[in-house]
>>> print(open('entry08.cif').read())   # mmCIF, C-alpha atoms and all ligand atoms
data_start
loop_
_atom_site.label_atom_id
_atom_site.label_comp_id
_atom_site.auth_asym_id
_atom_site.auth_seq_id
_atom_site.Cartn_x
_atom_site.Cartn_y
_atom_site.Cartn_z
CA MET A 315 0.00 0.00 0.00
CA LYS A 316 1.25 3.50 -0.86
CA LYS A 317 2.01 5.71 2.12
CA ALA A 318 1.65 9.37 3.00
CA ILE A 319 3.05 11.09 6.07
CA HIS A 320 1.12 14.16 7.18
CA PHE A 321 2.29 16.64 9.85
CA GLY A 322 -0.62 18.11 11.85
CA ALA A 323 -3.54 15.86 12.81
CA GLY A 324 -5.83 18.84 13.37
CA ASN A 325 -8.83 20.21 11.49
CA ILE A 326 -7.36 20.36 7.99
CA GLY A 327 -5.08 17.36 8.51
CA ARG A 328 -7.85 14.93 9.44
CA GLY A 329 -10.73 16.74 7.75
CA PHE A 330 -9.17 17.41 4.36
CA ILE A 331 -5.64 16.42 3.31
CA GLY A 332 -5.33 13.17 5.29
CA ALA A 333 -8.87 12.25 4.26
CA LEU A 334 -8.08 12.73 0.55
CA PHE A 335 -4.99 10.49 0.80
CA SER A 336 -7.00 7.81 2.59
CA GLU A 337 -9.72 8.02 -0.06
CA SER A 338 -6.98 7.66 -2.72
CA GLY A 339 -5.82 4.33 -1.26
CA TYR A 340 -2.91 5.59 0.86
CA HIS A 341 -2.08 4.64 4.41
CA VAL A 342 -1.80 7.97 6.23
CA THR A 343 0.60 8.39 9.15
CA PHE A 344 -0.32 11.54 11.04
CA VAL A 345 2.43 13.25 13.02
CA ASP A 346 1.39 15.51 15.89
CA VAL A 347 2.30 16.54 19.43
CA ALA A 348 -1.27 16.02 20.67
CA ASN A 349 -0.88 12.68 22.43
CA GLN A 350 -4.61 12.12 22.88
CA VAL A 351 -5.21 12.40 19.12
CA ILE A 352 -2.23 10.18 18.27
CA ASN A 353 -3.34 7.49 20.74
CA LYS A 354 -6.87 7.54 19.39
CA LEU A 355 -5.62 7.27 15.78
CA ASN A 356 -3.61 4.18 16.73
CA GLU A 357 -6.47 2.64 18.71
CA GLU A 358 -9.36 3.40 16.36
CA LYS A 359 -7.44 3.34 13.01
CA GLY A 360 -10.17 5.41 11.41
CA TYR A 361 -12.73 8.18 11.85
CA GLN A 362 -15.66 9.86 10.11
CA VAL A 363 -15.63 13.06 8.07
CA LYS A 364 -19.09 14.61 8.40
CA LEU A 365 -20.35 17.14 5.88
CA ALA A 366 -21.84 20.32 7.36
CA GLN A 367 -25.12 20.39 5.45
CA SER A 368 -28.84 19.65 5.99
CA GLN A 369 -28.79 16.01 4.82
CA GLU A 370 -26.56 13.70 6.82
CA GLU A 371 -23.53 12.51 4.89
CA THR A 372 -20.38 10.98 6.34
CA ILE A 373 -17.24 9.58 4.75
CA ALA A 374 -15.40 6.77 6.54
CA ILE A 375 -11.65 7.36 6.70
CA THR A 376 -9.58 4.21 7.16
CA ASN A 377 -5.91 3.14 7.11
CA VAL A 378 -4.62 5.83 9.42
CA SER A 379 -2.16 5.82 12.30
CA GLY A 380 -0.26 8.37 14.36
CA ILE A 381 3.19 9.22 15.70
CA ASN A 382 4.04 11.75 18.40
CA ASN A 383 7.03 13.68 17.03
CA ARG A 384 8.08 14.86 20.50
CA THR A 385 8.42 11.37 21.95
CA HIS A 386 9.02 9.18 18.85
CA GLU A 387 11.41 11.03 16.53
CA ASN A 388 12.92 7.82 15.11
CA ASP A 389 9.48 6.53 14.13
CA VAL A 390 8.88 9.76 12.19
CA ILE A 391 12.25 9.36 10.43
CA GLU A 392 11.27 5.76 9.58
CA ALA A 393 7.86 6.80 8.23
CA ILE A 394 9.58 9.38 5.97
CA GLN A 395 11.53 6.48 4.41
CA GLN A 396 8.30 4.74 3.40
CA ALA A 397 6.27 7.65 2.10
CA THR A 398 5.40 8.82 -1.41
CA TYR A 399 3.98 12.12 -0.12
CA LEU A 400 4.96 14.28 2.86
CA THR A 401 2.41 16.99 3.61
CA THR A 402 1.82 19.50 6.40
CA ALA A 403 -1.20 21.41 7.74
CA ILE A 404 0.25 22.60 10.98
CA GLY A 405 0.22 26.39 10.83
CA PRO A 406 2.87 28.59 9.15
CA ASN A 407 4.52 29.45 12.49
CA ILE A 408 5.19 25.76 13.23
CA LEU A 409 7.00 24.95 9.96
CA PRO A 410 10.44 26.00 11.30
CA LEU A 411 9.89 23.79 14.35
CA ILE A 412 9.24 20.57 12.40
CA ALA A 413 11.90 21.24 9.71
CA PRO A 414 14.90 19.81 11.66
CA LEU A 415 13.23 16.40 12.12
CA ILE A 416 12.04 16.34 8.48
CA ALA A 417 15.60 17.22 7.44
CA ARG A 418 16.92 14.20 9.38
CA GLY A 419 14.34 11.96 7.72
CA LEU A 420 15.19 13.27 4.24
CA ALA A 421 18.96 13.00 4.82
CA LYS A 422 18.53 9.32 5.64
CA ARG A 423 16.11 8.71 2.78
CA ILE A 424 18.26 10.11 -0.03
CA THR A 425 21.06 7.66 0.78
CA ALA A 426 18.63 4.71 0.87
CA THR A 427 16.32 5.07 -2.13
CA GLU A 428 16.02 6.63 -5.57
CA ASP A 429 12.23 6.86 -5.14
CA LYS A 430 10.94 10.39 -5.26
CA LEU A 431 9.20 11.99 -2.33
CA TYR A 432 6.74 14.81 -2.93
CA VAL A 433 6.63 17.48 -0.20
CA ILE A 434 3.66 19.85 -0.03
CA ALA A 435 2.94 22.34 2.76
CA CYS A 436 -0.82 22.92 2.94
CA GLU A 437 -0.96 26.19 4.85
CA ASN A 438 -2.64 29.55 4.35
CA GLN A 439 0.57 31.20 3.32
CA ILE A 440 2.05 32.24 -0.03
CA GLY A 441 4.99 29.97 -0.89
CA ALA A 442 4.61 27.83 2.26
CA THR A 443 6.44 24.86 0.72
CA ASP A 444 9.33 27.10 -0.39
CA ILE A 445 9.53 28.41 3.17
CA LEU A 446 9.48 24.87 4.62
CA LYS A 447 12.13 23.82 2.10
CA GLN A 448 14.40 26.68 3.16
CA HIS A 449 14.05 25.68 6.83
CA ILE A 450 14.90 22.08 5.88
CA LEU A 451 17.95 23.19 3.85
CA ASP A 452 19.13 25.28 6.81
CA ASN A 453 19.43 21.99 8.71
CA LEU A 454 21.50 20.10 6.11
CA ASP A 455 25.15 20.06 5.00
CA GLU A 456 26.14 21.11 1.46
CA GLU A 457 26.47 17.59 0.04
CA THR A 458 23.08 16.47 1.34
CA LYS A 459 21.48 19.65 -0.03
CA THR A 460 22.74 18.83 -3.53
CA GLN A 461 21.45 15.25 -3.37
CA LEU A 462 18.15 16.47 -2.01
CA GLU A 463 17.54 18.67 -5.06
CA GLU A 464 17.57 15.57 -7.29
CA LYS A 465 15.38 13.28 -5.24
CA ILE A 466 12.92 15.34 -3.24
CA CYS A 467 10.27 17.44 -5.01
CA PHE A 468 8.80 20.47 -3.27
CA PHE A 469 5.49 21.87 -4.56
CA ASN A 470 3.62 24.96 -3.37
CA SER A 471 -0.11 24.63 -2.92
CA ALA A 472 -3.36 26.39 -2.00
CA VAL A 473 -5.87 24.66 0.28
CA ASP A 474 -9.48 25.66 0.67
CA ARG A 475 -12.03 23.99 2.94
CA ILE A 476 -13.60 25.52 6.03
CA VAL A 477 -13.02 23.22 8.98
CA PRO A 478 -14.04 24.67 12.37
CA ILE A 479 -12.68 23.67 15.78
CA GLN A 480 -13.90 20.18 16.64
CA ASN A 481 -15.16 18.25 19.63
CA GLN A 482 -11.82 17.24 21.16
CA ASP A 483 -13.19 13.92 22.50
CA SER A 484 -13.58 12.38 19.06
CA LEU A 485 -11.46 11.95 15.93
CA ASP A 486 -14.49 12.68 13.75
CA VAL A 487 -14.35 15.97 11.85
CA LEU A 488 -17.14 18.25 10.66
CA VAL A 489 -16.20 19.97 7.37
CA GLU A 490 -17.94 22.08 4.76
CA PRO A 491 -18.84 20.06 1.62
CA TYR A 492 -16.81 22.37 -0.69
CA TYR A 493 -13.08 21.94 -1.12
CA GLU A 494 -10.23 22.90 -3.45
CA TRP A 495 -6.60 21.73 -3.26
CA VAL A 496 -4.39 23.24 -5.95
CA VAL A 497 -0.79 22.05 -6.33
CA GLU A 498 1.85 23.69 -8.52
CA THR A 499 3.94 21.35 -10.66
CA THR A 500 4.78 20.55 -14.25
CA GLU A 501 5.65 16.94 -13.34
CA ASP A 502 3.52 13.83 -13.63
CA ILE A 503 2.90 12.91 -10.01
CA PRO A 504 1.07 9.99 -8.38
CA PRO A 505 -2.67 10.80 -8.48
CA VAL A 506 -4.50 11.93 -5.37
CA THR A 507 -8.29 12.27 -5.44
CA GLY A 508 -9.33 15.91 -5.25
CA MET A 509 -5.89 17.37 -6.05
CA THR A 510 -5.85 19.88 -8.93
CA ILE A 511 -2.51 20.42 -10.69
CA VAL A 512 -1.58 23.83 -12.13
CA LYS A 513 1.60 25.19 -13.73
CA ASP A 514 1.38 28.59 -12.01
CA LEU A 515 -0.08 28.79 -8.51
CA ALA A 516 0.20 32.58 -8.03
CA PRO A 517 -3.30 33.49 -9.29
CA PHE A 518 -4.87 30.59 -7.36
CA ILE A 519 -3.23 31.23 -4.00
CA GLU A 520 -3.70 35.01 -4.18
CA ARG A 521 -7.32 34.67 -5.33
CA LYS A 522 -8.00 32.25 -2.46
CA LEU A 523 -6.10 34.08 0.27
CA PHE A 524 -7.35 37.55 -0.73
CA THR A 525 -10.98 36.50 -1.17
CA VAL A 526 -11.77 33.59 1.16
CA ASN A 527 -9.33 34.55 3.92
CA THR A 528 -9.62 38.32 3.59
CA GLY A 529 -13.42 38.05 3.66
CA HIS A 530 -13.27 35.64 6.57
CA ALA A 531 -10.94 37.96 8.53
CA VAL A 532 -13.21 40.98 7.98
CA ILE A 533 -16.18 39.00 9.33
CA ALA A 534 -14.19 37.65 12.28
CA TYR A 535 -12.78 40.99 13.44
CA LEU A 536 -15.97 43.02 12.88
CA GLY A 537 -17.99 40.18 14.42
CA TYR A 538 -15.74 40.10 17.47
CA LEU A 539 -16.09 43.87 17.90
CA ALA A 540 -19.87 43.55 17.61
CA GLY A 541 -19.94 40.86 20.32
CA LYS A 542 -20.85 38.00 17.94
CA THR A 543 -19.70 34.43 18.49
CA THR A 544 -19.83 32.77 15.08
CA ILE A 545 -19.20 33.70 11.47
CA ASP A 546 -22.73 32.94 10.29
CA GLU A 547 -24.23 34.88 13.22
CA THR A 548 -22.06 37.88 12.25
CA LEU A 549 -23.39 37.72 8.70
CA GLY A 550 -26.89 38.23 10.09
CA ASP A 551 -25.80 41.89 10.28
CA GLU A 552 -26.42 43.35 6.82
CA GLU A 553 -24.05 46.25 7.45
CA ILE A 554 -21.19 43.79 8.02
CA VAL A 555 -22.17 41.87 4.85
CA ARG A 556 -21.92 45.15 2.92
CA GLU A 557 -18.49 45.84 4.45
CA VAL A 558 -17.25 42.34 3.54
CA ARG A 559 -18.45 42.78 -0.04
CA ALA A 560 -16.86 46.25 -0.28
CA THR A 561 -13.54 44.88 1.02
CA LEU A 562 -13.62 41.98 -1.43
CA LYS A 563 -14.32 44.43 -4.25
CA GLU A 564 -11.04 46.12 -3.32
CA THR A 565 -9.04 42.87 -3.27
CA GLY A 566 -10.95 41.89 -6.43
CA ALA A 567 -9.90 45.04 -8.29
CA TYR A 568 -6.25 44.20 -7.52
CA LEU A 569 -6.64 40.51 -8.45
CA ILE A 570 -8.50 41.27 -11.69
CA LYS A 571 -5.80 43.77 -12.72
CA GLN A 572 -2.86 41.63 -11.63
CA TYR A 573 -4.01 38.31 -13.09
CA LYS A 574 -6.31 39.54 -15.85
CA LEU A 575 -9.26 37.72 -14.29
CA ASP A 576 -12.69 37.92 -15.84
CA GLU A 577 -14.56 40.51 -13.77
CA ALA A 578 -17.98 38.83 -13.85
CA GLU A 579 -16.46 35.47 -12.92
CA HIS A 580 -14.57 37.02 -10.04
CA LEU A 581 -17.68 38.79 -8.70
CA ALA A 582 -19.48 35.42 -8.83
CA TYR A 583 -16.55 33.89 -6.90
CA ILE A 584 -16.97 36.58 -4.21
CA ASP A 585 -20.72 35.86 -3.97
CA LYS A 586 -20.10 32.11 -3.76
CA ASN A 587 -17.70 32.61 -0.86
CA ILE A 588 -20.03 34.90 1.06
CA GLU A 589 -22.64 32.11 0.79
CA ARG A 590 -20.06 29.57 2.06
CA PHE A 591 -19.41 31.77 5.10
CA LYS A 592 -23.15 31.73 5.91
CA ASN A 593 -23.15 27.94 6.46
CA ALA A 594 -24.76 27.69 9.92
CA TYR A 595 -24.00 23.96 10.24
CA LEU A 596 -20.29 24.84 10.64
CA ASN A 597 -20.80 26.90 13.81
CA ASP A 598 -17.38 28.43 13.10
CA GLY A 599 -16.14 30.79 15.82
CA VAL A 600 -14.97 34.37 15.15
CA THR A 601 -12.03 33.69 17.48
CA ARG A 602 -10.85 30.71 15.38
CA VAL A 603 -11.10 32.68 12.16
CA GLY A 604 -9.45 35.73 13.73
CA ARG A 605 -6.72 33.64 15.45
CA ALA A 606 -3.07 34.65 15.28
CA PRO A 607 -3.59 38.32 14.26
CA ILE A 608 0.18 39.01 14.10
CA ARG A 609 0.40 36.40 11.32
CA LYS A 610 -2.71 37.79 9.66
CA LEU A 611 -1.27 41.33 9.77
CA GLY A 612 1.99 40.18 8.17
CA PRO A 613 3.22 42.06 5.06
CA GLU A 614 2.41 39.15 2.72
CA ASP A 615 -0.84 38.08 4.34
CA ARG A 616 -4.57 38.58 3.59
CA LEU A 617 -5.00 42.19 4.78
CA ILE A 618 -1.73 44.06 4.29
CA ARG A 619 -0.54 42.66 0.95
CA PRO A 620 -3.77 43.47 -0.95
CA ALA A 621 -3.81 46.94 0.67
CA THR A 622 -0.21 47.75 -0.23
CA GLN A 623 -0.61 46.28 -3.71
CA ALA A 624 -3.80 48.31 -4.26
CA GLN A 625 -2.05 51.44 -3.02
CA LYS A 626 0.85 50.89 -5.45
CA ALA A 627 -1.58 50.31 -8.33
CA GLY A 628 -3.59 53.43 -7.51
CA LEU A 629 -6.63 51.34 -6.51
CA PRO A 630 -8.86 51.93 -3.46
CA TYR A 631 -7.97 50.26 -0.15
CA THR A 632 -10.03 52.09 2.46
CA HIS A 633 -12.15 49.03 3.39
CA LEU A 634 -8.99 46.96 3.73
CA ALA A 635 -7.61 49.64 6.05
CA ASN A 636 -10.82 49.34 8.07
CA ALA A 637 -10.27 45.58 8.34
CA VAL A 638 -6.68 46.13 9.52
CA ALA A 639 -8.00 48.58 12.14
CA ALA A 640 -10.54 45.97 13.30
CA ALA A 641 -7.73 43.39 13.55
CA LEU A 642 -5.78 45.81 15.75
CA LEU A 643 -8.81 46.00 18.04
CA PHE A 644 -9.05 42.17 18.38
CA ASP A 645 -8.21 41.95 22.08
CA TYR A 646 -9.25 38.33 22.66
CA PRO A 647 -7.36 37.46 25.89
CA GLU A 648 -6.91 33.75 24.99
CA ASP A 649 -5.02 34.55 21.80
CA GLU A 650 -1.32 35.15 22.58
CA GLU A 651 -0.77 37.18 19.42
CA ALA A 652 -3.81 39.39 20.15
CA VAL A 653 -2.43 40.03 23.65
CA GLU A 654 1.01 40.92 22.20
CA ILE A 655 -0.53 43.38 19.74
CA GLN A 656 -2.53 45.08 22.50
CA GLU A 657 0.62 45.46 24.63
CA MET A 658 2.54 46.88 21.67
CA ILE A 659 -0.22 49.40 20.92
CA ARG A 660 -0.37 50.44 24.58
CA GLU A 661 3.39 50.88 24.87
CA HIS A 662 4.35 52.15 21.41
CA GLY A 663 1.22 53.31 19.60
CA LEU A 664 -0.45 52.28 16.36
CA ALA A 665 2.09 53.47 13.79
CA GLU A 666 4.99 51.63 15.43
CA THR A 667 2.83 48.52 15.84
CA LEU A 668 2.02 48.54 12.12
CA GLN A 669 5.67 49.13 11.32
CA LYS A 670 6.73 46.16 13.45
CA PHE A 671 4.11 43.59 12.46
CA SER A 672 3.10 44.73 8.96
CA GLY A 673 6.28 46.32 7.65
CA LEU A 674 4.49 49.61 6.93
CA ALA A 675 6.45 52.86 7.15
CA GLU A 676 5.11 54.91 10.04
CA ASP A 677 4.17 57.80 7.73
CA SER A 678 2.78 55.65 4.91
CA ASP A 679 -0.64 56.38 3.41
CA VAL A 680 -1.89 52.91 4.40
CA THR A 681 -0.86 53.50 8.02
CA LYS A 682 -2.63 56.89 8.07
CA GLU A 683 -5.81 55.33 6.65
CA VAL A 684 -5.72 52.48 9.19
CA ILE A 685 -5.31 54.93 12.08
CA ARG A 686 -8.23 57.02 10.78
CA HIS A 687 -10.48 53.92 10.77
CA TYR A 688 -9.16 52.72 14.13
CA LYS A 689 -10.35 55.93 15.79
CA VAL A 690 -13.80 55.60 14.22
CA LEU A 691 -14.15 51.92 15.20
CA GLN A 692 -12.91 52.65 18.71
CA GLY A 693 -15.72 55.20 19.03
N1 LIG B 701 -9.27 25.05 9.38
C1 LIG B 701 -9.44 25.57 8.19
O1 LIG B 701 -10.57 25.94 7.81
C2 LIG B 701 -8.26 25.74 7.25
C3 LIG B 701 -8.53 25.76 5.87
C4 LIG B 701 -7.47 25.92 4.97
C5 LIG B 701 -6.18 26.01 5.46
N2 LIG B 701 -5.97 25.95 6.81
C6 LIG B 701 -4.57 26.01 7.22
O2 LIG B 701 -4.18 24.71 7.64
C7 LIG B 701 -3.22 24.80 8.67
C8 LIG B 701 -3.71 24.03 9.87
O3 LIG B 701 -4.92 24.61 10.32
P1 LIG B 701 -5.93 23.80 11.22
O4 LIG B 701 -7.20 24.59 11.24
O5 LIG B 701 -5.97 22.39 10.80
O6 LIG B 701 -5.22 23.94 12.66
P2 LIG B 701 -5.29 22.94 13.89
O7 LIG B 701 -4.86 23.73 15.06
O8 LIG B 701 -6.62 22.26 13.93
O9 LIG B 701 -4.21 21.83 13.54
C9 LIG B 701 -2.84 21.99 13.71
C10 LIG B 701 -2.27 20.74 14.35
O10 LIG B 701 -0.86 20.89 14.44
C11 LIG B 701 -0.45 20.33 15.67
N3 LIG B 701 0.85 20.88 16.06
C12 LIG B 701 1.13 22.11 16.57
N4 LIG B 701 2.45 22.23 16.82
C13 LIG B 701 3.02 21.07 16.45
C14 LIG B 701 4.37 20.59 16.42
N5 LIG B 701 5.39 21.33 16.84
N6 LIG B 701 4.59 19.34 15.95
C15 LIG B 701 3.57 18.56 15.52
N7 LIG B 701 2.27 18.97 15.51
C16 LIG B 701 2.00 20.20 15.97
C17 LIG B 701 -1.55 20.66 16.65
O11 LIG B 701 -1.52 19.79 17.78
C18 LIG B 701 -2.80 20.46 15.77
O12 LIG B 701 -3.29 19.14 15.85
C19 LIG B 701 -3.01 26.30 8.92
O13 LIG B 701 -1.94 26.76 8.14
C20 LIG B 701 -4.31 26.91 8.41
O14 LIG B 701 -4.16 28.22 8.01
C21 LIG B 701 -6.97 25.82 7.72
O1 LIG B 702 -6.38 29.30 9.09
P1 LIG B 702 -6.07 30.79 9.23
O2 LIG B 702 -5.87 31.19 10.63
O3 LIG B 702 -5.02 31.22 8.28
O4 LIG B 702 -7.41 31.53 8.73
C1 LIG B 702 -8.65 31.31 9.36
C2 LIG B 702 -9.70 30.95 8.34
O5 LIG B 702 -9.92 32.02 7.48
C3 LIG B 702 -9.26 29.73 7.51
O6 LIG B 702 -8.89 28.66 8.32
C4 LIG B 702 -10.37 29.30 6.53
O7 LIG B 702 -11.37 28.60 7.22
C5 LIG B 702 -9.79 28.44 5.42
O8 LIG B 702 -8.67 29.03 4.86
C6 LIG B 702 -10.81 28.12 4.35
O9 LIG B 702 -10.16 27.47 3.32
#
>>> encode(input="entry08.cif", output="structure tokens")
Amino acid sequence: MKKAIHFGAGNIGRGFIGALFSESGYHVTFVDVANQVINKLNEEKGYQVKLAQSQEETIAITNVSGINNRTHENDVIEAIQQATYLTTAIGPNILPLIAPLIARGLAKRITATEDKLYVIACENQIGATDILKQHILDNLDEETKTQLEEKICFFNSAVDRIVPIQNQDSLDVLVEPYYEWVVETTEDIPPVTGMTIVKDLAPFIERKLFTVNTGHAVIAYLGYLAGKTTIDETLGDEEIVREVRATLKETGAYLIKQYKLDEAEHLAYIDKNIERFKNAYLNDGVTRVGRAPIRKLGPEDRLIRPATQAQKAGLPYTHLANAVAAALLFDYPEDEEAVEIQEMIREHGLAETLQKFSGLAEDSDVTKEVIRHYKVLQG
């Protein structure tokens, strides 16, 4: 049986990427630090993926097991020897932490087999696999690096499926019915059900990140400020729906210009995504969607990059600036990054905070527009 090793047995790992490999006839070894999940995977050897929709539909996932990478490093290295695919869905900030162990597994593998291994990071981040690759290379000597280039293939990808936080007592995962997994390669690679291959990922990842994730972030931060709990509940407020649409028109204008997208098709894509967000069966929390605001306010992420790109292209970005302001007001005490932002604002002010986390010059037009909106939102 073909094998895949997947880092991150969380929402996307179990509910999307691992599930697709299992459905494609692979044995999936999940790697995670969550001992309870790993033990359950080894005891139960399967779980159900449940679709969040009115009629009940579940998909049985079989042929799975788990390894704890904190306590069983050698088992992870062994599983890397056996795999055809190595994937991650672990969060962009965790990639540097797992790279040293992956590097050890790859160093051993390239001396033992000519078989190719395909590495794909499935994260909400532009060029996530390139970033993971660089972290892996940083952990290898020059000779191993050269051999690695010949035998290990690294492909960037875009992943799209809304998977909320789950009941922690069960391996079962509730997911939205829709999904898209786009992988960038020109090679013929072993087929995986549900994987779409493209030659150039840039339009796909930017369209996804700056529509699905920008829209989601606007709802999460405005919803949080309005005292809402879930994404669908927030969309019960028509004023917020209008703000989401206006923001996505701004990212849309940039995307249409940059990638020569068909305008009508892109507007339909925006509408489709707003409908996805309204799925009440998901019960998706504003604090999950707004999580890790330092990452979300990063220069290449869903709020700042479209704003700075729009500014450079002479396109409007005022609604994006409003979303950035709302993100700066996300003071959820259980989110470490939200707490850090609040401390930074208190001690150093808004302009310095945006300079530090978003790479914006303190006197930039985007910064001025964000501060203007911040004052209005703050009331
Ligand atoms: N949930 C979604 O709707 C969704 C959709 C598309 C993309 N994504 C992306 O997928 C990635 C994962 O998101 P998620 O929602 O599945 O998160 P998650 O928190 O449910 O899963 C992450 C998993 O990684 C594990 N982990 C953390 N640190 C680790 C370490 N050092 N070693 C091993 N395992 C570790 C956690 O225990 C957890 O099981 C993120 O990049 C996210 O942006 C999420
Ligand atoms: O996972 P994050 O924190 O980058 O973003 C939160 C949500 O927007 C995200 O998880 C979406 O649900 C997902 O990207 C849909 O494909």
>>> residues_near_ligand(input="entry08.cif", ligand="ligand LIG 702 (chain B)", cutoff="8 Å", atoms="all atoms listed in the file", output="PyMOL selection string")
chain A and resi 405+437-439+473-478+493+522-523+526-531+602-606+610
>>> write_last_selection(input="entry08.cif", atoms="C-alpha atoms", output="tab-separated table (two decimals), in the coordinates of the input")
chain	number	residue	atom	x	y	z
A	405	GLY	CA	0.22	26.39	10.83
A	437	GLU	CA	-0.96	26.19	4.85
A	438	ASN	CA	-2.64	29.55	4.35
A	439	GLN	CA	0.57	31.20	3.32
A	473	VAL	CA	-5.87	24.66	0.28
A	474	ASP	CA	-9.48	25.66	0.67
A	475	ARG	CA	-12.03	23.99	2.94
A	476	ILE	CA	-13.60	25.52	6.03
A	477	VAL	CA	-13.02	23.22	8.98
A	478	PRO	CA	-14.04	24.67	12.37
A	493	TYR	CA	-13.08	21.94	-1.12
A	522	LYS	CA	-8.00	32.25	-2.46
A	523	LEU	CA	-6.10	34.08	0.27
A	526	VAL	CA	-11.77	33.59	1.16
A	527	ASN	CA	-9.33	34.55	3.92
A	528	THR	CA	-9.62	38.32	3.59
A	529	GLY	CA	-13.42	38.05	3.66
A	530	HIS	CA	-13.27	35.64	6.57
A	531	ALA	CA	-10.94	37.96	8.53
A	602	ARG	CA	-10.85	30.71	15.38
A	603	VAL	CA	-11.10	32.68	12.16
A	604	GLY	CA	-9.45	35.73	13.73
A	605	ARG	CA	-6.72	33.64	15.45
A	606	ALA	CA	-3.07	34.65	15.28
A	610	LYS	CA	-2.71	37.79	9.66
>>> residues_near_ligand(input="entry08.cif", ligand="ligand LIG 701 (chain B)", cutoff="9 Å", atoms="only C-alpha atoms and all ligand atoms", output="PyMOL selection string")
chain A and resi 321-330+345-349+351+382-384+402-412+435-439+442+472-480+489-490+527+598+602-603
>>> write_last_selection(input="entry08.cif", atoms="C-alpha atoms", output="mmCIF file, keeping the file's coordinate frame")
data_model
loop_
_atom_site.group_PDB
_atom_site.id
_atom_site.type_symbol
_atom_site.label_atom_id
_atom_site.label_comp_id
_atom_site.auth_asym_id
_atom_site.auth_seq_id
_atom_site.Cartn_x
_atom_site.Cartn_y
_atom_site.Cartn_z
ATOM 1 C CA PHE A 321 2.290 16.640 9.850
ATOM 2 C CA GLY A 322 -0.620 18.110 11.850
ATOM 3 C CA ALA A 323 -3.540 15.860 12.810
ATOM 4 C CA GLY A 324 -5.830 18.840 13.370
ATOM 5 C CA ASN A 325 -8.830 20.210 11.490
ATOM 6 C CA ILE A 326 -7.360 20.360 7.990
ATOM 7 C CA GLY A 327 -5.080 17.360 8.510
ATOM 8 C CA ARG A 328 -7.850 14.930 9.440
ATOM 9 C CA GLY A 329 -10.730 16.740 7.750
ATOM 10 C CA PHE A 330 -9.170 17.410 4.360
ATOM 11 C CA VAL A 345 2.430 13.250 13.020
ATOM 12 C CA ASP A 346 1.390 15.510 15.890
ATOM 13 C CA VAL A 347 2.300 16.540 19.430
ATOM 14 C CA ALA A 348 -1.270 16.020 20.670
ATOM 15 C CA ASN A 349 -0.880 12.680 22.430
ATOM 16 C CA VAL A 351 -5.210 12.400 19.120
ATOM 17 C CA ASN A 382 4.040 11.750 18.400
ATOM 18 C CA ASN A 383 7.030 13.680 17.030
ATOM 19 C CA ARG A 384 8.080 14.860 20.500
ATOM 20 C CA THR A 402 1.820 19.500 6.400
ATOM 21 C CA ALA A 403 -1.200 21.410 7.740
ATOM 22 C CA ILE A 404 0.250 22.600 10.980
ATOM 23 C CA GLY A 405 0.220 26.390 10.830
ATOM 24 C CA PRO A 406 2.870 28.590 9.150
ATOM 25 C CA ASN A 407 4.520 29.450 12.490
ATOM 26 C CA ILE A 408 5.190 25.760 13.230
ATOM 27 C CA LEU A 409 7.000 24.950 9.960
ATOM 28 C CA PRO A 410 10.440 26.000 11.300
ATOM 29 C CA LEU A 411 9.890 23.790 14.350
ATOM 30 C CA ILE A 412 9.240 20.570 12.400
ATOM 31 C CA ALA A 435 2.940 22.340 2.760
ATOM 32 C CA CYS A 436 -0.820 22.920 2.940
ATOM 33 C CA GLU A 437 -0.960 26.190 4.850
ATOM 34 C CA ASN A 438 -2.640 29.550 4.350
ATOM 35 C CA GLN A 439 0.570 31.200 3.320
ATOM 36 C CA ALA A 442 4.610 27.830 2.260
ATOM 37 C CA ALA A 472 -3.360 26.390 -2.000
ATOM 38 C CA VAL A 473 -5.870 24.660 0.280
ATOM 39 C CA ASP A 474 -9.480 25.660 0.670
ATOM 40 C CA ARG A 475 -12.030 23.990 2.940
ATOM 41 C CA ILE A 476 -13.600 25.520 6.030
ATOM 42 C CA VAL A 477 -13.020 23.220 8.980
ATOM 43 C CA PRO A 478 -14.040 24.670 12.370
ATOM 44 C CA ILE A 479 -12.680 23.670 15.780
ATOM 45 C CA GLN A 480 -13.900 20.180 16.640
ATOM 46 C CA VAL A 489 -16.200 19.970 7.370
ATOM 47 C CA GLU A 490 -17.940 22.080 4.760
ATOM 48 C CA ASN A 527 -9.330 34.550 3.920
ATOM 49 C CA ASP A 598 -17.380 28.430 13.100
ATOM 50 C CA ARG A 602 -10.850 30.710 15.380
ATOM 51 C CA VAL A 603 -11.100 32.680 12.160
#
>>> residues_near_point(input="entry08.cif", point="(-1.0, 42.8, 21.0)", cutoff="12 Å", atoms="all atoms listed in the file", output="PyMOL selection string")
chain A and resi 606-609+611+641-664+667-668+670-671
>>> atom_distance(input="entry08.cif", atom1="atom CA of A:Val363", atom2="atom CA of A:Asp486")
5.8 Å
>>> atom_distance(input="entry08.cif", atom1="atom CA of A:Glu494", atom2="atom CA of A:Val390")
28.0 Å
>>> residues_near_point(input="entry08.cif", point="(-21.6, 26.3, 7.0)", cutoff="9 Å", atoms="all atoms listed in the file", output="list in words")
Ala366, Gln367, Ile476, Val489, Glu490, Pro491, Ile545, Asp546, Glu589, Arg590, Phe591, Lys592, Asn593, Ala594, Tyr595, Leu596, Asn597 and Asp598 of chain A
>>> residues_around(input="entry08.cif", residues="A:Ile394", least_positions_apart="5", cutoff="8 Å", atoms="only C-alpha atoms", output="CSV table (one decimal) with C-alpha atoms, keeping the file's coordinate frame")
chain,number,residue,atom,x,y,z
A,319,ILE,CA,3.0,11.1,6.1
A,400,LEU,CA,5.0,14.3,2.9
A,416,ILE,CA,12.0,16.3,8.5
A,419,GLY,CA,14.3,12.0,7.7
A,420,LEU,CA,15.2,13.3,4.2
A,423,ARG,CA,16.1,8.7,2.8
